[in-house]
2 protein chains.
Amino acid sequence: MDFQHCFALWPKLTPAQQQWVLDTLITRRVPRGTVVHQGGVECTGLVLLKSGQLRAFILSPEGREITLYRLFSMDLCLFSAACMMNSLQFTVTLQAEKDTELWIIPAEVYRDLMAVSPAAANYANEIMATRFTEVMWLMEQVMWKSMDKRVAAFLLEESAIEDSLQLHTTHETIANHLGTHREVVTRMLRYLQGEGLVRLSRGVVEILDPVRLRDYADQE
Amino acid sequence: MDFQHCFALWPKLTPAQQQWVLDTLITRRVPRGTVVHQGGVECTGLVLLKSGQLRAFILSPEGREITLYRLFSMDLCLFSAACMMNSLQFTVTLQAEKDTELWIIPAEVYRDLMAVSPAAANYANEIMATRFTEVMWLMEQVMWKSMDKRVAAFLLEESAIEDSLQLHTTHETIANHLGTHREVVTRMLRYLQGEGLVRLSRGVVEILDPVRLRDYADQE
């Protein structure tokens, strides 16, 4: 898949704008674990995923984490250029969860495009709205859902991403996604194991009954 | 203050666009308590506050509330037109906290403006970025701050808004702002009273020591 096909804005740009984007486009290949962007520190630009997987999260003063959203290959593109907008002032960290290939449109290029092209400005708008919607969904989970339901939902999400019922993950990693402590996750997983929904072994959580786990996660 | 002065986008519109906005502009006066907008249900449009105060909040399935942000007279304008953007899909309720005067640019008018004017699209972008930043601030509070600190911070915020140390509010109201239960707020307020920071009486929370209360709220 080439850049022109992944970048939905492409057909709405003028030939001159398209050429400018191609001339300034950055391609980056980052190994798993790389911090691609650290909000507030640098101004990355408009990032598009060619392949791989990114995780966007925030950090507490004590170093706790919570995942805001994840970005996948091809179909998902992302806005990581707070500096392009004066009013967007919060710090999001982006880290590669898998080996990842990125296209980056530098922030100054996209900012100039937005100034002259309504399509570019509205595209940025739609991307931000998508992220905003994901964060609001998370807010509702955090506010109204108990942690056991959130752990169950997270296991199912992981299972869908990895297309496997065997999840190679640690309790610490799950805790960092959900913004809680490892001990809490361990307690919840043991409870789910007691209910016959999962089986725990070293470095692996195995989903035994995805249907009942889904029912459990969806309970109010 | 007239509309043209409150609406920061005004000078960036063409004379024809300005006339179109004026011709379709709706002025509304709503008494305190009115639900101005219920996301998902109706498509209000771009709302500007002439005077008064609005509260944006989300509701849990059980009817619990949490305040996302508040909007004040003159300087604050707001985006309440999810229908204008396909990707913005969450339900926010807007309620007048005081008698409020509004200007509303109908959604279809603003959507058409955004399609042709980069300035209009970028203005919507900036407003959404401002709200997104406020919601991310709230997310950090909810995730990393204990409820006693959040109650203290909320009392100081109310005090600043009302310009008074005597807050006429109920524990229920505070709980609805913070997304918790009344009993939790009552316990926190009694603790703050025990520390000599506030005095509680029927329907009133009086801040006795705003400096120490600020120190308390700001502790990690």
# chains A, B, ... in the order shown; residues from 1 in each chain; ligands from 1
call {"tool": "residues_around", "arguments": {"residues": "Glu62 (chain B)", "least_positions_apart": "4", "cutoff": "12 Å", "atoms": "only C-alpha atoms", "output": "list in words"}}
result
Met143, Trp144, Lys145 and Glu220 of chain A; Ile58, Gly179 and His181 of chain B
call {"tool": "write_last_selection", "arguments": {"atoms": "all heavy atoms", "output": "compact mmCIF listing (two decimals), in the first residue's frame"}}
result
# COMPACT_ATOMS: atom_id res chain seq x y z
N MET A 143 -15.03 6.13 34.48
CA MET A 143 -15.97 6.68 35.46
C MET A 143 -17.01 5.66 35.90
O MET A 143 -17.35 5.58 37.07
CB MET A 143 -16.71 7.89 34.86
CG MET A 143 -15.86 9.13 34.70
SD MET A 143 -15.04 9.62 36.25
CE MET A 143 -16.44 9.87 37.35
N TRP A 144 -17.55 4.92 34.95
CA TRP A 144 -18.76 4.15 35.29
C TRP A 144 -18.54 2.64 35.34
O TRP A 144 -19.43 1.91 35.79
CB TRP A 144 -19.92 4.45 34.32
CG TRP A 144 -20.11 5.86 33.85
CD1 TRP A 144 -20.22 6.24 32.55
CD2 TRP A 144 -20.25 7.06 34.62
NE1 TRP A 144 -20.41 7.60 32.48
CE2 TRP A 144 -20.44 8.14 33.72
CE3 TRP A 144 -20.24 7.35 36.00
CZ2 TRP A 144 -20.60 9.45 34.13
CZ3 TRP A 144 -20.40 8.67 36.41
CH2 TRP A 144 -20.59 9.70 35.50
N LYS A 145 -17.41 2.16 34.85
CA LYS A 145 -17.20 0.70 34.81
C LYS A 145 -16.27 0.27 35.94
O LYS A 145 -15.27 0.95 36.21
CB LYS A 145 -16.55 0.30 33.47
CG LYS A 145 -17.53 0.22 32.31
CD LYS A 145 -18.04 -1.20 32.13
CE LYS A 145 -19.04 -1.25 30.98
NZ LYS A 145 -19.64 -2.58 30.85
N GLU A 220 -23.57 -4.07 33.16
CA GLU A 220 -23.50 -2.71 33.74
C GLU A 220 -22.93 -2.79 35.14
O GLU A 220 -23.19 -3.71 35.87
CB GLU A 220 -24.89 -2.07 33.79
CG GLU A 220 -25.48 -1.75 32.44
CD GLU A 220 -24.60 -0.81 31.61
OE1 GLU A 220 -23.76 -0.12 32.20
OE2 GLU A 220 -24.75 -0.80 30.39
N ILE B 58 -21.43 14.50 31.12
CA ILE B 58 -21.90 13.21 30.60
C ILE B 58 -22.66 12.50 31.70
O ILE B 58 -22.47 12.77 32.89
CB ILE B 58 -20.76 12.32 30.06
CG1 ILE B 58 -19.65 12.13 31.11
CG2 ILE B 58 -20.18 12.90 28.78
CD1 ILE B 58 -18.60 11.10 30.70
N GLY B 179 -18.56 13.41 39.51
CA GLY B 179 -18.79 12.04 39.07
C GLY B 179 -18.71 11.02 40.19
O GLY B 179 -18.32 9.88 39.97
N HIS B 181 -20.41 9.82 44.40
CA HIS B 181 -21.64 9.73 45.17
C HIS B 181 -21.67 10.81 46.26
O HIS B 181 -20.63 11.20 46.77
CB HIS B 181 -21.76 8.35 45.80
CG HIS B 181 -21.87 7.25 44.77
ND1 HIS B 181 -23.03 7.02 44.07
CD2 HIS B 181 -20.96 6.38 44.31
CE1 HIS B 181 -22.83 6.01 43.22
NE2 HIS B 181 -21.58 5.61 43.34
call {"tool": "closest_atom_pairs", "arguments": {"of": "chain B", "to": "chain A", "cutoff": "6 Å", "atoms": "only C-alpha atoms", "output": "tab-separated table"}}
result
residue	atom	partner	partner_atom	distance
B:Ser87	CA	A:Thr130	CA	5.0
B:Leu88	CA	A:Ala129	CA	4.7
B:Gln89	CA	A:Thr133	CA	5.8
B:Ala115	CA	A:Pro118	CA	5.9
B:Val116	CA	A:Pro118	CA	5.9
B:Ser117	CA	A:Pro118	CA	5.7
B:Pro118	CA	A:Pro118	CA	4.2
B:Ala121	CA	A:Ala121	CA	5.7
B:Asn122	CA	A:Ala121	CA	5.8
B:Asn125	CA	A:Asn125	CA	5.6
B:Glu126	CA	A:Ser87	CA	5.6
B:Ala129	CA	A:Leu88	CA	4.7
B:Thr130	CA	A:Ser87	CA	5.0
B:Thr133	CA	A:Leu88	CA	5.7
call {"tool": "write_last_selection", "arguments": {"atoms": "N, CA, C and O atoms", "output": "mmCIF file, in the first residue's frame"}}
result
data_model
loop_
_atom_site.group_PDB
_atom_site.id
_atom_site.type_symbol
_atom_site.label_atom_id
_atom_site.label_comp_id
_atom_site.auth_asym_id
_atom_site.auth_seq_id
_atom_site.Cartn_x
_atom_site.Cartn_y
_atom_site.Cartn_z
ATOM 1 N N SER B 87 -17.097 12.122 12.732
ATOM 2 C CA SER B 87 -16.267 11.313 13.622
ATOM 3 C C SER B 87 -16.461 11.657 15.098
ATOM 4 O O SER B 87 -15.899 11.000 15.953
ATOM 5 N N LEU B 88 -17.228 12.698 15.373
ATOM 6 C CA LEU B 88 -17.422 13.099 16.771
ATOM 7 C C LEU B 88 -18.678 12.431 17.284
ATOM 8 O O LEU B 88 -19.786 12.883 17.008
ATOM 9 N N GLN B 89 -18.489 11.326 17.995
ATOM 10 C CA GLN B 89 -19.665 10.551 18.364
ATOM 11 C C GLN B 89 -19.701 10.245 19.839
ATOM 12 O O GLN B 89 -19.404 9.140 20.275
ATOM 13 N N ALA B 115 -16.691 24.135 4.861
ATOM 14 C CA ALA B 115 -16.341 23.473 3.594
ATOM 15 C C ALA B 115 -15.610 24.410 2.642
ATOM 16 O O ALA B 115 -14.866 23.954 1.776
ATOM 17 N N VAL B 116 -15.820 25.723 2.815
ATOM 18 C CA VAL B 116 -15.189 26.652 1.867
ATOM 19 C C VAL B 116 -14.139 27.553 2.506
ATOM 20 O O VAL B 116 -13.262 28.084 1.821
ATOM 21 N N SER B 117 -14.214 27.733 3.828
ATOM 22 C CA SER B 117 -13.317 28.678 4.493
ATOM 23 C C SER B 117 -12.333 27.957 5.407
ATOM 24 O O SER B 117 -12.729 27.380 6.429
ATOM 25 N N PRO B 118 -11.037 27.956 5.056
ATOM 26 C CA PRO B 118 -10.051 27.355 5.966
ATOM 27 C C PRO B 118 -10.116 27.993 7.354
ATOM 28 O O PRO B 118 -9.958 27.311 8.364
ATOM 29 N N ALA B 121 -12.884 26.390 9.338
ATOM 30 C CA ALA B 121 -12.524 25.020 9.705
ATOM 31 C C ALA B 121 -11.477 25.022 10.822
ATOM 32 O O ALA B 121 -11.570 24.264 11.786
ATOM 33 N N ASN B 122 -10.494 25.918 10.699
ATOM 34 C CA ASN B 122 -9.453 25.973 11.726
ATOM 35 C C ASN B 122 -9.977 26.536 13.045
ATOM 36 O O ASN B 122 -9.493 26.164 14.116
ATOM 37 N N ASN B 125 -11.565 23.746 14.708
ATOM 38 C CA ASN B 125 -10.443 22.965 15.192
ATOM 39 C C ASN B 125 -9.915 23.461 16.534
ATOM 40 O O ASN B 125 -9.686 22.688 17.460
ATOM 41 N N GLU B 126 -9.728 24.773 16.623
ATOM 42 C CA GLU B 126 -9.191 25.362 17.856
ATOM 43 C C GLU B 126 -10.174 25.190 19.013
ATOM 44 O O GLU B 126 -9.776 24.923 20.142
ATOM 45 N N ALA B 129 -10.050 21.639 20.056
ATOM 46 C CA ALA B 129 -8.788 21.381 20.760
ATOM 47 C C ALA B 129 -8.855 21.899 22.202
ATOM 48 O O ALA B 129 -8.347 21.267 23.129
ATOM 49 N N THR B 130 -9.511 23.043 22.388
ATOM 50 C CA THR B 130 -9.657 23.595 23.736
ATOM 51 C C THR B 130 -10.478 22.656 24.616
ATOM 52 O O THR B 130 -10.107 22.361 25.754
ATOM 53 N N THR B 133 -8.527 19.507 25.393
ATOM 54 C CA THR B 133 -7.535 19.770 26.433
ATOM 55 C C THR B 133 -8.192 19.759 27.816
ATOM 56 O O THR B 133 -7.647 19.194 28.765
#
call {"tool": "residues_around", "arguments": {"residues": "Ala175 (chain B)", "least_positions_apart": "6", "cutoff": "12 Å", "atoms": "only C-alpha atoms", "output": "PyMOL selection string"}}
result
chain B and resi 64-67+147-148+150-151+154-155+169+181-189
call {"tool": "write_last_selection", "arguments": {"atoms": "N, CA and C atoms", "output": "compact mmCIF listing (two decimals), in the first residue's frame"}}
result
# COMPACT_ATOMS: atom_id res chain seq x y z
N ARG B 64 -25.76 8.89 36.92
CA ARG B 64 -24.69 9.69 37.54
C ARG B 64 -24.13 10.67 36.52
N GLU B 65 -23.58 11.76 37.03
CA GLU B 65 -23.07 12.81 36.15
C GLU B 65 -21.60 13.09 36.46
N ILE B 66 -20.89 13.62 35.45
CA ILE B 66 -19.59 14.25 35.72
C ILE B 66 -19.44 15.44 34.78
N THR B 67 -19.02 16.56 35.36
CA THR B 67 -18.84 17.78 34.58
C THR B 67 -17.57 17.67 33.74
N MET B 147 -9.95 11.75 45.59
CA MET B 147 -11.20 12.52 45.59
C MET B 147 -11.15 13.70 46.57
N ASP B 148 -10.45 13.57 47.69
CA ASP B 148 -10.38 14.69 48.63
C ASP B 148 -9.71 15.91 47.99
N ARG B 150 -9.66 16.51 44.77
CA ARG B 150 -10.55 17.00 43.71
C ARG B 150 -11.68 17.83 44.32
N VAL B 151 -12.18 17.43 45.49
CA VAL B 151 -13.22 18.25 46.16
C VAL B 151 -12.64 19.61 46.53
N PHE B 154 -12.31 21.70 43.46
CA PHE B 154 -13.62 22.13 42.96
C PHE B 154 -14.17 23.30 43.78
N LEU B 155 -14.00 23.25 45.09
CA LEU B 155 -14.47 24.35 45.94
C LEU B 155 -13.77 25.65 45.56
N THR B 169 -24.27 25.65 47.72
CA THR B 169 -24.30 24.43 46.92
C THR B 169 -24.60 23.27 47.85
N HIS B 181 -20.41 9.82 44.40
CA HIS B 181 -21.64 9.73 45.17
C HIS B 181 -21.67 10.81 46.26
N ARG B 182 -22.89 11.22 46.61
CA ARG B 182 -23.06 12.26 47.62
C ARG B 182 -22.35 11.88 48.92
N GLU B 183 -22.46 10.62 49.31
CA GLU B 183 -21.88 10.19 50.58
C GLU B 183 -20.37 10.40 50.60
N VAL B 184 -19.75 10.19 49.45
CA VAL B 184 -18.30 10.37 49.35
C VAL B 184 -17.95 11.84 49.56
N VAL B 185 -18.72 12.73 48.91
CA VAL B 185 -18.47 14.18 49.05
C VAL B 185 -18.66 14.61 50.50
N THR B 186 -19.73 14.12 51.12
CA THR B 186 -19.99 14.47 52.53
C THR B 186 -18.81 14.07 53.41
N ARG B 187 -18.27 12.88 53.16
CA ARG B 187 -17.14 12.41 53.97
C ARG B 187 -15.92 13.30 53.75
N MET B 188 -15.67 13.67 52.50
CA MET B 188 -14.51 14.52 52.18
C MET B 188 -14.67 15.90 52.79
N LEU B 189 -15.88 16.46 52.70
CA LEU B 189 -16.12 17.81 53.24
C LEU B 189 -15.95 17.80 54.76
call {"tool": "residues_around", "arguments": {"residues": "Ala217 (chain A)", "least_positions_apart": "6", "cutoff": "6 Å", "atoms": "only C-alpha atoms", "output": "list in words"}}
result
Lys149, Ala152 and Ala153 of chain A
call {"tool": "write_last_selection", "arguments": {"atoms": "N, CA, C and O atoms", "output": "PDB file, in the first residue's frame"}}
result
ATOM      1  N   LYS A 149     -14.611  -5.485  35.046  1.00  0.00           N
ATOM      2  CA  LYS A 149     -15.208  -5.422  33.699  1.00  0.00           C
ATOM      3  C   LYS A 149     -14.206  -4.848  32.694  1.00  0.00           C
ATOM      4  O   LYS A 149     -14.135  -5.274  31.544  1.00  0.00           O
ATOM      5  N   ALA A 152     -11.673  -7.501  31.775  1.00  0.00           N
ATOM      6  CA  ALA A 152     -12.299  -8.462  30.855  1.00  0.00           C
ATOM      7  C   ALA A 152     -12.367  -7.875  29.444  1.00  0.00           C
ATOM      8  O   ALA A 152     -12.011  -8.538  28.460  1.00  0.00           O
ATOM      9  N   ALA A 153     -12.800  -6.611  29.325  1.00  0.00           N
ATOM     10  CA  ALA A 153     -12.917  -5.974  28.005  1.00  0.00           C
ATOM     11  C   ALA A 153     -11.544  -5.829  27.362  1.00  0.00           C
ATOM     12  O   ALA A 153     -11.382  -6.024  26.149  1.00  0.00           O
TER      13      ALA A 153
END
call {"tool": "residues_around", "arguments": {"residues": "Val109 (chain A)", "least_positions_apart": "3", "cutoff": "8 Å", "atoms": "only C-alpha atoms", "output": "PyMOL selection string"}}
result
chain A and resi 21+24+105-106+112-113
call {"tool": "write_last_selection", "arguments": {"atoms": "N, CA and C atoms", "output": "PDB file, in the first residue's frame"}}
result
ATOM      1  N   VAL A  21       3.760  17.826  -0.464  1.00  0.00           N
ATOM      2  CA  VAL A  21       3.680  16.794   0.577  1.00  0.00           C
ATOM      3  C   VAL A  21       4.684  15.678   0.274  1.00  0.00           C
ATOM      4  N   THR A  24       8.321  16.636   1.032  1.00  0.00           N
ATOM      5  CA  THR A  24       8.702  16.839   2.436  1.00  0.00           C
ATOM      6  C   THR A  24       8.399  15.615   3.303  1.00  0.00           C
ATOM      7  N   ILE A 105       4.149  13.680   7.854  1.00  0.00           N
ATOM      8  CA  ILE A 105       4.102  14.974   7.177  1.00  0.00           C
ATOM      9  C   ILE A 105       4.527  16.008   8.219  1.00  0.00           C
ATOM     10  N   PRO A 106       5.632  16.706   7.980  1.00  0.00           N
ATOM     11  CA  PRO A 106       6.131  17.626   9.012  1.00  0.00           C
ATOM     12  C   PRO A 106       5.065  18.641   9.431  1.00  0.00           C
ATOM     13  N   ASP A 112       0.712  24.762   7.201  1.00  0.00           N
ATOM     14  CA  ASP A 112       0.544  25.647   6.044  1.00  0.00           C
ATOM     15  C   ASP A 112      -0.577  25.152   5.124  1.00  0.00           C
ATOM     16  N   LEU A 113      -0.678  23.854   4.962  1.00  0.00           N
ATOM     17  CA  LEU A 113      -1.790  23.287   4.171  1.00  0.00           C
ATOM     18  C   LEU A 113      -3.141  23.651   4.767  1.00  0.00           C
TER      19      LEU A 113
END
call {"tool": "atom_distance", "arguments": {"atom1": "CA of Leu102 (chain B)", "atom2": "CA of Ser159 (chain B)"}}
result
24.3 Å
call {"tool": "residues_around", "arguments": {"residues": "Gln38 (chain B)", "least_positions_apart": "6", "cutoff": "9 Å", "atoms": "only C-alpha atoms", "output": "ChimeraX atom specification"}}
result
/B:44,80,91-95
call {"tool": "write_last_selection", "arguments": {"atoms": "C-alpha atoms", "output": "mmCIF file, in the first residue's frame"}}
result
data_model
loop_
_atom_site.group_PDB
_atom_site.id
_atom_site.type_symbol
_atom_site.label_atom_id
_atom_site.label_comp_id
_atom_site.auth_asym_id
_atom_site.auth_seq_id
_atom_site.Cartn_x
_atom_site.Cartn_y
_atom_site.Cartn_z
ATOM 1 C CA THR B 44 -27.707 22.606 17.855
ATOM 2 C CA SER B 80 -21.941 21.672 20.312
ATOM 3 C CA THR B 91 -23.141 12.403 24.012
ATOM 4 C CA VAL B 92 -22.618 15.596 25.941
ATOM 5 C CA THR B 93 -25.408 17.422 27.728
ATOM 6 C CA LEU B 94 -25.292 21.201 28.090
ATOM 7 C CA GLN B 95 -27.261 22.794 30.891
#
call {"tool": "closest_residue", "arguments": {"among": "A:Leu48, A:Pro210, A:Thr170, A:Gly194", "to": "Ala8 (chain A)", "atoms": "only C-alpha atoms"}}
result
A:Leu48
call {"tool": "select_by_dssp", "arguments": {"residues": "region 37-211 of chain A", "states": "helix (DSSP H, G or I)", "output": "PyMOL selection string"}}
result
chain A and resi 82-84+107-116+118-144+147-162+171-178+182-194+210-211
call {"tool": "residues_around", "arguments": {"residues": "His168 (chain A)", "least_positions_apart": "2", "cutoff": "8 Å", "atoms": "only C-alpha atoms", "output": "list of chain:residue names"}}
result
A:Gln166, A:Thr170, A:Gly203, A:Val204, A:Val205
call {"tool": "closest_residue", "arguments": {"among": "B:Gln53, B:Asp209, B:Tyr191, B:Gln17", "to": "Pro31 (chain B)", "atoms": "only C-alpha atoms"}}
result
B:Gln53
call {"tool": "select_by_dssp", "arguments": {"residues": "region 8-139 of chain B", "states": "strand (DSSP E)", "output": "ChimeraX atom specification"}}
result
/B:26-30,35-38,45-51,53-59,65-72,77-80,93-96,100-105
